[in-house]
file coords_10.txt (compact mmCIF, C-alpha atoms and all ligand atoms)
# COMPACT_ATOMS: atom_id res chain seq x y z
CA MET A 1471 90.79 -16.60 212.30
CA SER A 1472 89.06 -14.83 209.43
CA ALA A 1473 85.51 -13.68 209.98
CA SER A 1474 84.95 -12.62 206.37
CA GLY A 1475 82.51 -15.41 205.56
CA ASP A 1476 83.91 -15.39 202.03
CA VAL A 1477 83.72 -18.67 200.16
CA TRP A 1478 86.37 -19.40 197.55
CA VAL A 1479 86.07 -22.08 194.92
CA TYR A 1480 89.14 -23.31 193.10
CA ALA A 1481 88.14 -23.74 189.45
CA GLU A 1482 90.41 -26.39 188.00
CA ARG A 1483 91.27 -25.92 184.35
CA ARG A 1484 91.27 -28.70 181.81
CA GLY A 1485 92.88 -27.16 178.76
CA ALA A 1486 90.57 -24.42 177.55
CA SER A 1487 87.67 -25.38 179.81
CA TYR A 1488 86.98 -26.16 183.45
CA ARG A 1489 86.52 -29.46 185.21
CA PRO A 1490 82.74 -29.98 185.53
CA VAL A 1491 83.12 -30.61 189.28
CA SER A 1492 84.48 -27.07 189.74
CA LEU A 1493 81.37 -25.62 188.11
CA GLU A 1494 79.12 -27.98 190.09
CA ILE A 1495 80.72 -26.64 193.28
CA LEU A 1496 80.33 -23.05 192.13
CA GLY A 1497 76.61 -23.68 191.63
CA ARG A 1498 76.24 -24.99 195.18
CA ALA A 1499 78.64 -22.50 196.78
CA ARG A 1500 76.38 -19.51 196.14
CA GLY A 1501 74.01 -20.80 198.83
CA VAL A 1502 76.92 -21.47 201.19
CA ALA A 1503 78.30 -17.93 200.73
CA ASP A 1504 74.84 -16.43 201.28
CA ALA A 1505 74.39 -18.47 204.47
CA LEU A 1506 77.80 -17.30 205.71
CA LYS A 1507 76.99 -13.74 204.62
CA GLY A 1508 80.15 -13.62 202.57
CA ARG A 1509 81.16 -13.18 198.95
CA LEU A 1510 81.62 -15.99 196.48
CA VAL A 1511 85.02 -15.91 194.78
CA ALA A 1512 86.21 -18.26 192.03
CA ILE A 1513 89.97 -18.62 191.74
CA THR A 1514 91.67 -20.29 188.81
CA ALA A 1515 95.16 -20.67 187.39
CA GLY A 1516 96.26 -21.19 183.80
CA PRO A 1517 97.17 -19.26 180.68
CA GLY A 1518 94.76 -16.96 178.87
CA GLU A 1519 92.32 -14.22 179.84
CA ALA A 1520 89.42 -15.35 177.65
CA ILE A 1521 88.93 -18.56 179.58
CA ALA A 1522 89.17 -16.63 182.85
CA ARG A 1523 86.38 -14.34 181.66
CA GLU A 1524 84.23 -17.42 180.94
CA LEU A 1525 84.23 -18.19 184.66
CA ARG A 1526 82.29 -14.97 185.29
CA ARG A 1527 79.21 -16.77 183.92
CA PHE A 1528 78.87 -19.05 186.96
CA GLY A 1529 77.63 -16.66 189.62
CA ALA A 1530 80.77 -15.65 191.53
CA ASP A 1531 81.04 -12.11 192.89
CA GLU A 1532 84.67 -12.05 191.81
CA VAL A 1533 86.96 -14.15 189.66
CA ILE A 1534 90.67 -14.21 190.45
CA ALA A 1535 92.65 -15.57 187.51
CA ILE A 1536 96.33 -16.36 187.93
CA ASP A 1537 97.55 -16.08 184.37
CA ASP A 1538 100.92 -17.30 183.18
CA PRO A 1539 101.96 -19.38 180.15
CA LEU A 1540 103.90 -21.73 182.43
CA LEU A 1541 100.70 -22.72 184.21
CA ASP A 1542 99.48 -24.70 181.19
CA ARG A 1543 99.40 -27.88 183.27
CA TYR A 1544 99.16 -28.61 186.97
CA ASP A 1545 102.37 -28.36 188.93
CA THR A 1546 102.25 -29.12 192.63
CA ARG A 1547 104.81 -26.58 193.77
CA ALA A 1548 103.82 -23.64 191.58
CA PHE A 1549 100.07 -24.02 192.11
CA THR A 1550 100.45 -24.42 195.87
CA ASP A 1551 102.72 -21.37 196.13
CA LEU A 1552 100.42 -19.18 194.04
CA LEU A 1553 97.19 -20.27 195.71
CA GLU A 1554 98.74 -19.92 199.16
CA ARG A 1555 99.74 -16.33 198.40
CA GLU A 1556 96.23 -15.40 197.26
CA LEU A 1557 94.57 -17.19 200.16
CA ARG A 1558 96.74 -15.44 202.73
CA ALA A 1559 95.89 -12.07 201.16
CA GLY A 1560 92.17 -12.78 200.70
CA ASP A 1561 91.64 -14.62 204.01
CA PRO A 1562 88.44 -16.50 203.09
CA SER A 1563 86.46 -18.61 205.54
CA VAL A 1564 86.04 -21.54 203.18
CA LEU A 1565 87.94 -22.99 200.22
CA LEU A 1566 86.14 -25.60 198.11
CA ILE A 1567 88.06 -27.79 195.66
CA GLY A 1568 86.91 -30.61 193.37
CA ALA A 1569 88.13 -34.02 194.54
CA THR A 1570 90.01 -34.71 191.32
CA ARG A 1571 93.52 -36.11 191.36
CA ASP A 1572 95.12 -32.67 191.15
CA GLY A 1573 92.48 -31.11 193.40
CA GLN A 1574 93.22 -33.59 196.16
CA ASP A 1575 96.93 -32.95 195.83
CA LEU A 1576 96.47 -29.18 196.02
CA ALA A 1577 94.00 -29.30 198.92
CA GLY A 1578 96.28 -31.38 201.12
CA ARG A 1579 99.28 -29.16 200.48
CA LEU A 1580 97.36 -25.96 201.09
CA ALA A 1581 95.94 -27.32 204.34
CA VAL A 1582 99.45 -28.02 205.61
CA ARG A 1583 100.84 -24.67 204.47
CA LEU A 1584 97.96 -22.76 206.07
CA ARG A 1585 97.85 -25.02 209.16
CA THR A 1586 94.16 -25.59 208.72
CA GLY A 1587 91.67 -28.45 208.48
CA LEU A 1588 90.78 -30.42 205.37
CA THR A 1589 87.54 -32.33 204.97
CA ALA A 1590 88.04 -34.73 202.07
CA HIS A 1591 85.58 -36.15 199.55
CA VAL A 1592 82.33 -34.68 200.84
CA THR A 1593 79.06 -35.67 199.22
CA SER A 1594 76.99 -32.78 200.59
CA LEU A 1595 77.49 -29.38 202.23
CA GLU A 1596 75.43 -27.36 204.64
CA VAL A 1597 75.82 -24.43 207.01
CA ASP A 1598 74.62 -25.21 210.53
CA SER A 1599 72.75 -22.89 212.87
CA GLY A 1600 76.06 -21.78 214.41
CA GLY A 1601 77.35 -20.60 211.03
CA GLN A 1602 79.77 -23.51 210.58
CA LEU A 1603 80.21 -25.22 207.26
CA VAL A 1604 79.47 -28.92 207.63
CA GLY A 1605 80.89 -31.33 205.05
CA TRP A 1606 79.12 -34.69 204.96
CA VAL A 1607 81.18 -37.77 204.21
CA PRO A 1608 80.04 -41.40 204.15
CA GLY A 1609 81.92 -43.17 206.93
CA PHE A 1610 82.53 -46.69 208.21
CA GLY A 1611 81.96 -48.31 204.83
CA GLY A 1612 78.94 -46.14 204.08
CA GLY A 1613 77.01 -47.32 207.14
CA ILE A 1614 76.89 -43.79 208.56
CA GLU A 1615 77.26 -40.26 207.28
CA ALA A 1616 79.66 -38.12 209.27
CA GLY A 1617 79.26 -34.34 209.41
CA ILE A 1618 82.70 -32.73 209.71
CA VAL A 1619 83.35 -29.15 210.80
CA CYS A 1620 86.56 -27.16 211.12
CA PRO A 1621 85.68 -24.85 214.00
CA ASP A 1622 88.98 -23.18 214.89
CA ARG A 1623 91.01 -22.66 211.74
CA ARG A 1624 90.43 -20.79 208.50
CA PRO A 1625 89.98 -21.34 205.69
CA SER A 1626 88.08 -24.53 206.17
CA ILE A 1627 89.25 -26.54 203.15
CA VAL A 1628 86.84 -29.05 201.67
CA THR A 1629 87.17 -31.32 198.65
CA VAL A 1630 83.90 -32.27 196.95
CA ARG A 1631 83.28 -35.44 194.98
CA PRO A 1632 82.43 -35.04 191.31
CA GLY A 1633 78.78 -35.47 190.38
CA VAL A 1634 77.15 -34.76 193.73
CA PHE A 1635 75.79 -31.34 192.74
CA PRO A 1636 74.04 -30.49 189.46
CA LEU A 1637 76.05 -28.74 186.77
CA PRO A 1638 74.81 -25.13 186.53
CA SER A 1639 74.10 -23.54 183.15
CA PRO A 1640 76.24 -20.53 182.33
CA GLY A 1641 74.51 -17.17 182.74
CA SER A 1642 75.53 -13.68 181.64
CA PRO A 1643 78.98 -12.55 182.74
CA ASN A 1644 78.84 -11.05 186.19
CA GLY A 1645 81.07 -9.86 189.02
CA GLY A 1646 84.61 -8.54 188.99
CA LEU A 1647 87.66 -10.06 187.33
CA ARG A 1648 91.13 -9.67 188.79
CA ILE A 1649 94.03 -10.98 186.75
CA VAL A 1650 97.18 -11.87 188.66
CA ARG A 1651 100.35 -12.09 186.57
CA PRO A 1652 103.04 -13.82 188.60
CA SER A 1653 105.74 -13.69 185.85
CA LEU A 1654 107.00 -17.18 186.51
CA CYS A 1655 110.29 -18.58 185.29
CA GLU A 1656 111.09 -22.25 184.60
CA GLY A 1657 112.72 -22.55 188.03
CA ASP A 1658 109.35 -21.90 189.73
CA ILE A 1659 107.91 -25.04 188.17
CA GLY A 1660 108.77 -28.19 190.07
CA SER A 1661 108.09 -30.65 187.25
CA ARG A 1662 109.11 -30.97 183.63
CA ARG A 1663 107.14 -32.63 180.85
CA VAL A 1664 109.39 -35.09 179.08
CA GLU A 1665 106.77 -36.67 176.86
CA PHE A 1666 102.98 -36.58 176.71
CA GLU A 1667 101.08 -39.71 175.92
CA PRO A 1668 97.30 -39.20 176.05
CA LYS A 1669 95.32 -41.92 177.77
CA GLY A 1670 92.87 -43.82 175.59
CA ASP A 1671 89.15 -43.14 175.74
CA THR A 1672 87.94 -42.45 179.22
CA VAL A 1673 84.38 -42.54 180.43
CA ASP A 1674 82.77 -40.05 182.79
CA LEU A 1675 79.75 -41.76 184.33
CA THR A 1676 78.81 -38.64 186.27
CA ARG A 1677 77.61 -37.16 182.94
CA SER A 1678 75.55 -40.15 181.72
CA GLU A 1679 71.78 -39.86 181.62
CA VAL A 1680 71.14 -43.59 181.45
CA LEU A 1681 73.24 -46.30 183.10
CA VAL A 1682 73.19 -50.08 182.80
CA ILE A 1683 75.01 -51.32 185.89
CA GLY A 1684 76.18 -54.86 186.52
CA GLY A 1685 77.22 -56.67 189.66
CA ARG A 1686 78.45 -60.11 190.62
CA GLY A 1687 75.17 -61.61 189.39
CA THR A 1688 76.21 -60.95 185.78
CA GLY A 1689 78.84 -63.65 186.18
CA GLY A 1690 81.16 -61.37 184.22
CA ASP A 1691 79.07 -61.30 181.03
CA PHE A 1692 79.27 -57.58 180.45
CA GLY A 1693 78.91 -58.12 176.70
CA ARG A 1694 75.24 -58.76 177.37
CA LEU A 1695 74.97 -55.47 179.30
CA GLU A 1696 76.83 -53.60 176.56
CA ARG A 1697 74.32 -54.83 173.98
CA LEU A 1698 71.48 -53.43 176.08
CA ALA A 1699 73.38 -50.20 176.75
CA ARG A 1700 73.94 -49.69 173.02
CA ARG A 1701 70.22 -50.12 172.28
CA ILE A 1702 69.16 -47.47 174.78
CA GLY A 1703 72.11 -45.05 174.52
CA ALA A 1704 73.39 -45.85 178.01
CA GLU A 1705 76.83 -46.18 179.55
CA VAL A 1706 77.85 -49.30 181.44
CA GLY A 1707 78.64 -49.06 185.14
CA ALA A 1708 79.57 -51.71 187.68
CA THR A 1709 79.81 -52.63 191.32
CA ARG A 1710 83.16 -53.02 193.01
CA VAL A 1711 82.95 -56.78 192.79
CA ALA A 1712 82.77 -56.47 189.00
CA THR A 1713 85.64 -54.00 188.70
CA ASP A 1714 87.80 -55.91 191.19
CA ALA A 1715 87.26 -59.00 189.02
CA ARG A 1716 88.38 -56.87 186.02
CA TRP A 1717 85.17 -57.58 184.15
CA VAL A 1718 85.16 -53.85 183.33
CA GLU A 1719 87.53 -50.92 183.88
CA ARG A 1720 87.98 -49.48 187.35
CA GLU A 1721 86.68 -46.07 186.22
CA ARG A 1722 83.23 -47.64 185.77
CA MET A 1723 82.88 -48.43 189.48
CA ILE A 1724 79.89 -46.75 191.09
CA GLY A 1725 79.57 -46.05 194.78
CA GLN A 1726 81.50 -44.83 197.75
CA THR A 1727 84.90 -45.77 196.33
CA GLY A 1728 83.78 -45.26 192.75
CA VAL A 1729 81.76 -42.43 191.29
CA VAL A 1730 78.56 -40.82 192.50
CA THR A 1731 76.19 -40.62 189.55
CA ARG A 1732 72.93 -38.80 188.90
CA PRO A 1733 71.45 -40.41 185.78
CA LYS A 1734 67.81 -40.04 184.82
CA VAL A 1735 67.54 -43.84 184.77
CA ALA A 1736 69.75 -46.54 186.30
CA ILE A 1737 69.18 -50.22 185.46
CA VAL A 1738 70.91 -52.32 188.11
CA LEU A 1739 71.48 -55.97 187.21
CA GLY A 1740 72.68 -58.61 189.65
CA ALA A 1741 73.83 -56.27 192.41
CA SER A 1742 72.80 -56.93 195.99
CA GLY A 1743 72.44 -53.27 196.95
CA ALA A 1744 75.23 -52.81 199.52
CA VAL A 1745 75.14 -49.31 200.96
CA GLN A 1746 78.63 -48.60 199.62
CA PHE A 1747 77.17 -49.16 196.17
CA THR A 1748 73.75 -47.52 196.52
CA VAL A 1749 75.31 -44.23 197.68
CA GLY A 1750 76.46 -43.94 194.06
CA ILE A 1751 72.94 -44.16 192.58
CA GLU A 1752 70.83 -42.49 195.25
CA LYS A 1753 70.58 -39.33 193.15
CA ALA A 1754 69.28 -41.24 190.12
CA GLY A 1755 65.87 -40.17 188.84
CA PHE A 1756 64.51 -43.71 188.46
CA VAL A 1757 66.11 -46.99 189.48
CA ILE A 1758 65.15 -50.34 187.95
CA ALA A 1759 66.63 -53.39 189.69
CA VAL A 1760 66.77 -57.00 188.54
CA ASN A 1761 67.79 -59.60 191.10
CA ARG A 1762 66.85 -63.23 191.53
CA ASP A 1763 66.70 -62.85 195.32
CA PRO A 1764 63.38 -61.24 196.33
CA ASP A 1765 64.94 -60.12 199.63
CA ALA A 1766 67.93 -58.36 198.06
CA PRO A 1767 68.39 -54.89 199.62
CA ILE A 1768 68.69 -53.34 196.15
CA PHE A 1769 64.90 -53.44 195.93
CA GLU A 1770 64.72 -50.89 198.75
CA ALA A 1771 66.68 -48.45 196.58
CA ALA A 1772 64.66 -49.24 193.44
CA ASP A 1773 61.57 -47.57 191.99
CA LEU A 1774 60.85 -50.70 189.96
CA GLY A 1775 62.02 -54.17 190.98
CA ILE A 1776 62.03 -57.34 188.89
CA VAL A 1777 62.68 -60.66 190.63
CA GLY A 1778 64.30 -63.04 188.20
CA ASP A 1779 67.37 -64.21 186.37
CA LEU A 1780 68.93 -61.22 184.65
CA GLY A 1781 70.22 -63.18 181.64
CA PRO A 1782 66.89 -63.96 179.91
CA ILE A 1783 65.44 -60.61 181.00
CA VAL A 1784 68.24 -58.60 179.39
CA ASP A 1785 68.27 -60.78 176.25
CA ARG A 1786 64.52 -60.36 175.86
CA LEU A 1787 64.83 -56.59 176.27
CA VAL A 1788 67.58 -56.42 173.66
CA SER A 1789 65.60 -58.47 171.17
CA ASP A 1790 62.37 -56.48 171.80
CA LEU A 1791 64.39 -53.34 171.15
CA GLY A 1792 65.44 -54.78 167.83
CA GLY A 1793 68.98 -55.86 168.61
CA ARG A 1794 70.97 -59.04 168.85
C1 LIG A 1801 85.06 -49.30 202.47
C2 LIG A 1801 84.27 -49.99 201.40
C3 LIG A 1801 84.01 -49.29 200.23
C4 LIG A 1801 83.28 -49.90 199.21
N1 LIG A 1801 83.02 -49.20 198.07
C5 LIG A 1801 82.23 -49.76 197.11
C6 LIG A 1801 81.85 -49.04 195.96
O1 LIG A 1801 82.23 -47.87 195.73
N2 LIG A 1801 81.06 -49.65 195.05
C7 LIG A 1801 80.60 -50.92 195.21
O2 LIG A 1801 79.87 -51.43 194.35
N3 LIG A 1801 80.97 -51.64 196.30
C8 LIG A 1801 81.77 -51.08 197.24
N4 LIG A 1801 82.11 -51.83 198.33
C9 LIG A 1801 81.73 -53.26 198.34
C10 LIG A 1801 80.29 -53.48 198.76
O3 LIG A 1801 80.23 -53.56 200.17
C11 LIG A 1801 79.73 -54.77 198.18
O4 LIG A 1801 80.57 -55.84 198.52
C12 LIG A 1801 79.56 -54.77 196.66
O5 LIG A 1801 78.87 -53.60 196.25
C13 LIG A 1801 78.77 -55.98 196.25
O6 LIG A 1801 78.76 -56.11 194.86
P1 LIG A 1801 77.62 -56.93 194.12
O7 LIG A 1801 76.30 -56.37 194.50
O8 LIG A 1801 77.99 -56.96 192.69
O9 LIG A 1801 77.83 -58.40 194.67
P2 LIG A 1801 77.00 -59.25 195.70
O10 LIG A 1801 76.79 -58.52 196.97
O11 LIG A 1801 77.64 -60.58 195.77
O12 LIG A 1801 75.56 -59.38 195.03
C14 LIG A 1801 75.30 -60.12 193.88
C15 LIG A 1801 73.79 -60.13 193.68
O13 LIG A 1801 73.49 -60.70 192.43
C16 LIG A 1801 72.32 -61.45 192.55
N5 LIG A 1801 72.33 -62.44 191.47
C17 LIG A 1801 73.19 -63.48 191.32
N6 LIG A 1801 72.96 -64.10 190.14
C18 LIG A 1801 71.93 -63.45 189.56
C19 LIG A 1801 71.24 -63.61 188.33
N7 LIG A 1801 71.56 -64.58 187.44
N8 LIG A 1801 70.20 -62.76 188.03
C20 LIG A 1801 69.85 -61.78 188.91
N9 LIG A 1801 70.50 -61.57 190.09
C21 LIG A 1801 71.53 -62.38 190.41
C22 LIG A 1801 72.39 -62.06 193.93
O14 LIG A 1801 71.09 -62.40 194.40
C23 LIG A 1801 73.02 -60.95 194.73
O15 LIG A 1801 72.04 -60.11 195.33
C24 LIG A 1801 82.83 -51.25 199.36
C25 LIG A 1801 83.11 -51.92 200.54
C26 LIG A 1801 83.81 -51.30 201.54
C27 LIG A 1801 84.08 -52.06 202.82
call {"tool": "encode", "arguments": {"input": "coords_10.txt", "output": "structure tokens", "more": "lines below"}}
Ligand SMILES: Cc1cc2nc3c(=O)[nH]c(=O)nc-3n(C[C@H](O)[C@H](O)[C@H](O)COP(=O)(O)OP(=O)(O)OC[C@H]3O[C@@H](n4cnc5c(N)ncnc54)[C@H](O)[C@@H]3O)c2cc1C
result
Amino acid sequence: MSASGDVWVYAERRGASYRPVSLEILGRARGVADALKGRLVAITAGPGEAIARELRRFGADEVIAIDDPLLDRYDTRAFTDLLERELRAGDPSVLLIGATRDGQDLAGRLAVRLRTGLTAHVTSLEVDSGGQLVGWVPGFGGGIEAGIVCPDRRPSIVTVRPGVFPLPSPGSPNGGLRIVRPSLCEGDIGSRRVEFEPKGDTVDLTRSEVLVIGGRGTGGDFGRLERLARRIGAEVGATRVATDARWVERERMIGQTGVVTRPKVAIVLGASGAVQFTVGIEKAGFVIAVNRDPDAPIFEAADLGIVGDLGPIVDRLVSDLGGR
């Protein structure tokens, strides 16, 4: 087992930039590396040195960039092989990966290859008094938080949910840069792109400063919520009941199964305040809740509570703000 204490963060590329979650993790990982008395290393894979150099602005002691034109999109086999090689050589104590679709795929494969433990989808990280990294995950439907450690194997691999740590601002370039050129050939890539059809507009609620969130109490009238959202420059979010009913797209679900958000203001309309939902707004700066049940648990999570029927309240707000 490695005793280096080094913390590696896999920085997932998205074209010519990085997934915000990777940078969020890098911001938090500095403290983890310091607590483990190790170095912070960012590792990335994709074509181009300029974008690799950009990663030096986020506080790592070293950036390892695996650079090859064939790494222009994620490929399970190639990325696992390349990361495994670097991890075996570098022998870090911890590997942190964003819990994106590709990140989850990579983390699971690396854990099997390296015969080590994987803590999935954590919402916070700490180092305990014994020097173990603890990944906190909501468990049993959000009723408890479980702290998970990987005491005997290294690296301890952890995937982190998007939006749980603040996005750091880039600083001046710092630390070393090591470029790895694997000279891949087509045969090293396990997948082939036949055709590329971009998905339509997608929404990333983890980046929204103001959210208007609807639950079952909206009765499915999200048009009303959209009118309010437009007036105040907000995005629309929803509880699972609302997304399961297909009142809005699945990607707008907030909570344990959905996204964890950190808006400045969240306006929650007709949601009861189940813990699986409130975990997704607990990092909001200010929560306003409207519910016609004065005993609804959402009021415990709210800074301002309004007991009443959401319909007239929202319509009044929209008209006072000069809309229809
Ligand atoms: C493993 C697991 C994971 C889950 N993950 C998530 C998750 O990520 N996100 C999530 O949201 N849920 C999740 N859930 C579901 C969660 O437990 C709740 O069932 C869900 O959040 C409830 O949605 P709701 O508040 O919209 O509906 P309800 O609980 O039915 O609440 C509706 C509320 O609307 C109020 N209301 C009704 N009409 C009006 C009106 N006209 N004006 C004002 N108020 C009104 C009612 O008083 C009530 O409080 C999960 C559950 C499990 C078991």
call {"tool": "closest_residue", "arguments": {"input": "coords_10.txt", "among": "A:Gly1600, A:Gly1660, A:Gly1529, A:Pro1640", "to": "Arg1543 (chain A)", "atoms": "only C-alpha atoms"}}
result
A:Gly1660
call {"tool": "residues_near_ligand", "arguments": {"input": "coords_10.txt", "ligand": "ligand LIG 1801 (chain A)", "cutoff": "7 Å", "atoms": "all atoms listed in the file", "output": "PyMOL selection string"}}
result
chain A and resi 1610-1611+1684-1688+1708-1712+1723-1728+1739-1747+1760-1763+1766+1778-1781
call {"tool": "closest_residue", "arguments": {"input": "coords_10.txt", "among": "A:Ala1704, A:Val1634, A:Ala1581, A:Cys1655", "to": "Glu1752 (chain A)", "atoms": "all atoms listed in the file"}}
result
A:Val1634
call {"tool": "closest_residue", "arguments": {"input": "coords_10.txt", "among": "A:Leu1557, A:Ala1736, A:Leu1654, A:Ile1649", "to": "Leu1675 (chain A)", "atoms": "all atoms listed in the file"}}
result
A:Ala1736
call {"tool": "closest_atom_pairs", "arguments": {"input": "coords_10.txt", "of": "region 1590-1667 of chain A", "to": "region 1494-1513 of chain A", "cutoff": "6 Å", "atoms": "all atoms listed in the file", "output": "tab-separated table"}}
result
residue	atom	partner	partner_atom	distance
A:Phe1635	CA	A:Glu1494	CA	5.4
A:Pro1636	CA	A:Glu1494	CA	5.7
A:Leu1637	CA	A:Glu1494	CA	4.6
A:Pro1638	CA	A:Gly1497	CA	5.6
call {"tool": "decode", "arguments": {"input": "coords_10.txt", "residues": "region 1729-1755 of chain A", "atoms": "N, CA and C atoms", "output": "PDB file, in the first residue's frame"}}
result
ATOM      1  N   VAL A1729     -29.691  16.553  -9.099  1.00  0.00           N
ATOM      2  CA  VAL A1729     -28.462  17.320  -8.921  1.00  0.00           C
ATOM      3  C   VAL A1729     -28.448  18.043  -7.584  1.00  0.00           C
ATOM      4  N   VAL A1730     -27.227  18.247  -7.084  1.00  0.00           N
ATOM      5  CA  VAL A1730     -27.028  19.050  -5.877  1.00  0.00           C
ATOM      6  C   VAL A1730     -26.702  20.461  -6.358  1.00  0.00           C
ATOM      7  N   THR A1731     -27.502  21.423  -5.929  1.00  0.00           N
ATOM      8  CA  THR A1731     -27.335  22.790  -6.436  1.00  0.00           C
ATOM      9  C   THR A1731     -26.813  23.688  -5.328  1.00  0.00           C
ATOM     10  N   ARG A1732     -26.282  24.831  -5.711  1.00  0.00           N
ATOM     11  CA  ARG A1732     -25.880  25.829  -4.718  1.00  0.00           C
ATOM     12  C   ARG A1732     -26.222  27.231  -5.236  1.00  0.00           C
ATOM     13  N   PRO A1733     -27.527  27.478  -5.496  1.00  0.00           N
ATOM     14  CA  PRO A1733     -27.910  28.801  -5.983  1.00  0.00           C
ATOM     15  C   PRO A1733     -27.850  29.830  -4.858  1.00  0.00           C
ATOM     16  N   LYS A1734     -27.855  31.107  -5.251  1.00  0.00           N
ATOM     17  CA  LYS A1734     -27.956  32.141  -4.211  1.00  0.00           C
ATOM     18  C   LYS A1734     -29.352  32.113  -3.619  1.00  0.00           C
ATOM     19  N   VAL A1735     -30.353  31.902  -4.485  1.00  0.00           N
ATOM     20  CA  VAL A1735     -31.746  31.877  -4.022  1.00  0.00           C
ATOM     21  C   VAL A1735     -32.474  30.695  -4.666  1.00  0.00           C
ATOM     22  N   ALA A1736     -33.223  29.956  -3.839  1.00  0.00           N
ATOM     23  CA  ALA A1736     -34.083  28.882  -4.365  1.00  0.00           C
ATOM     24  C   ALA A1736     -35.514  29.159  -3.902  1.00  0.00           C
ATOM     25  N   ILE A1737     -36.442  29.199  -4.869  1.00  0.00           N
ATOM     26  CA  ILE A1737     -37.866  29.385  -4.540  1.00  0.00           C
ATOM     27  C   ILE A1737     -38.534  28.031  -4.760  1.00  0.00           C
ATOM     28  N   VAL A1738     -39.014  27.432  -3.679  1.00  0.00           N
ATOM     29  CA  VAL A1738     -39.534  26.066  -3.749  1.00  0.00           C
ATOM     30  C   VAL A1738     -41.054  26.108  -3.625  1.00  0.00           C
ATOM     31  N   LEU A1739     -41.726  25.627  -4.655  1.00  0.00           N
ATOM     32  CA  LEU A1739     -43.190  25.773  -4.743  1.00  0.00           C
ATOM     33  C   LEU A1739     -43.870  24.406  -4.755  1.00  0.00           C
ATOM     34  N   GLY A1740     -44.674  24.143  -3.755  1.00  0.00           N
ATOM     35  CA  GLY A1740     -45.458  22.915  -3.739  1.00  0.00           C
ATOM     36  C   GLY A1740     -44.625  21.656  -3.629  1.00  0.00           C
ATOM     37  N   ALA A1741     -43.573  21.717  -2.824  1.00  0.00           N
ATOM     38  CA  ALA A1741     -42.767  20.521  -2.529  1.00  0.00           C
ATOM     39  C   ALA A1741     -42.826  20.292  -1.026  1.00  0.00           C
ATOM     40  N   SER A1742     -42.965  19.032  -0.621  1.00  0.00           N
ATOM     41  CA  SER A1742     -43.161  18.777   0.809  1.00  0.00           C
ATOM     42  C   SER A1742     -41.884  18.947   1.620  1.00  0.00           C
ATOM     43  N   GLY A1743     -40.723  18.737   0.972  1.00  0.00           N
ATOM     44  CA  GLY A1743     -39.461  18.871   1.705  1.00  0.00           C
ATOM     45  C   GLY A1743     -38.915  17.543   2.168  1.00  0.00           C
ATOM     46  N   ALA A1744     -39.112  16.481   1.369  1.00  0.00           N
ATOM     47  CA  ALA A1744     -38.513  15.173   1.688  1.00  0.00           C
ATOM     48  C   ALA A1744     -36.994  15.339   1.702  1.00  0.00           C
ATOM     49  N   VAL A1745     -36.353  14.577   2.593  1.00  0.00           N
ATOM     50  CA  VAL A1745     -34.909  14.735   2.759  1.00  0.00           C
ATOM     51  C   VAL A1745     -34.150  14.431   1.465  1.00  0.00           C
ATOM     52  N   GLN A1746     -34.698  13.511   0.667  1.00  0.00           N
ATOM     53  CA  GLN A1746     -34.036  13.189  -0.608  1.00  0.00           C
ATOM     54  C   GLN A1746     -34.060  14.388  -1.546  1.00  0.00           C
ATOM     55  N   PHE A1747     -35.014  15.272  -1.349  1.00  0.00           N
ATOM     56  CA  PHE A1747     -35.056  16.504  -2.138  1.00  0.00           C
ATOM     57  C   PHE A1747     -34.197  17.599  -1.496  1.00  0.00           C
ATOM     58  N   THR A1748     -34.356  17.801  -0.198  1.00  0.00           N
ATOM     59  CA  THR A1748     -33.695  18.965   0.427  1.00  0.00           C
ATOM     60  C   THR A1748     -32.165  18.851   0.389  1.00  0.00           C
ATOM     61  N   VAL A1749     -31.636  17.629   0.284  1.00  0.00           N
ATOM     62  CA  VAL A1749     -30.185  17.478   0.169  1.00  0.00           C
ATOM     63  C   VAL A1749     -29.661  18.229  -1.065  1.00  0.00           C
ATOM     64  N   GLY A1750     -30.542  18.428  -2.028  1.00  0.00           N
ATOM     65  CA  GLY A1750     -30.150  19.117  -3.266  1.00  0.00           C
ATOM     66  C   GLY A1750     -30.213  20.632  -3.181  1.00  0.00           C
ATOM     67  N   ILE A1751     -30.764  21.172  -2.082  1.00  0.00           N
ATOM     68  CA  ILE A1751     -30.822  22.648  -1.956  1.00  0.00           C
ATOM     69  C   ILE A1751     -30.186  23.118  -0.654  1.00  0.00           C
ATOM     70  N   GLU A1752     -29.576  22.184   0.101  1.00  0.00           N
ATOM     71  CA  GLU A1752     -29.093  22.606   1.415  1.00  0.00           C
ATOM     72  C   GLU A1752     -27.910  23.571   1.322  1.00  0.00           C
ATOM     73  N   LYS A1753     -27.297  23.660   0.150  1.00  0.00           N
ATOM     74  CA  LYS A1753     -26.186  24.610   0.001  1.00  0.00           C
ATOM     75  C   LYS A1753     -26.664  25.935  -0.612  1.00  0.00           C
ATOM     76  N   ALA A1754     -27.957  26.089  -0.763  1.00  0.00           N
ATOM     77  CA  ALA A1754     -28.489  27.346  -1.312  1.00  0.00           C
ATOM     78  C   ALA A1754     -28.270  28.477  -0.305  1.00  0.00           C
ATOM     79  N   GLY A1755     -28.071  29.701  -0.837  1.00  0.00           N
ATOM     80  CA  GLY A1755     -27.856  30.835   0.060  1.00  0.00           C
ATOM     81  C   GLY A1755     -29.118  31.210   0.822  1.00  0.00           C
TER      82      GLY A1755
END
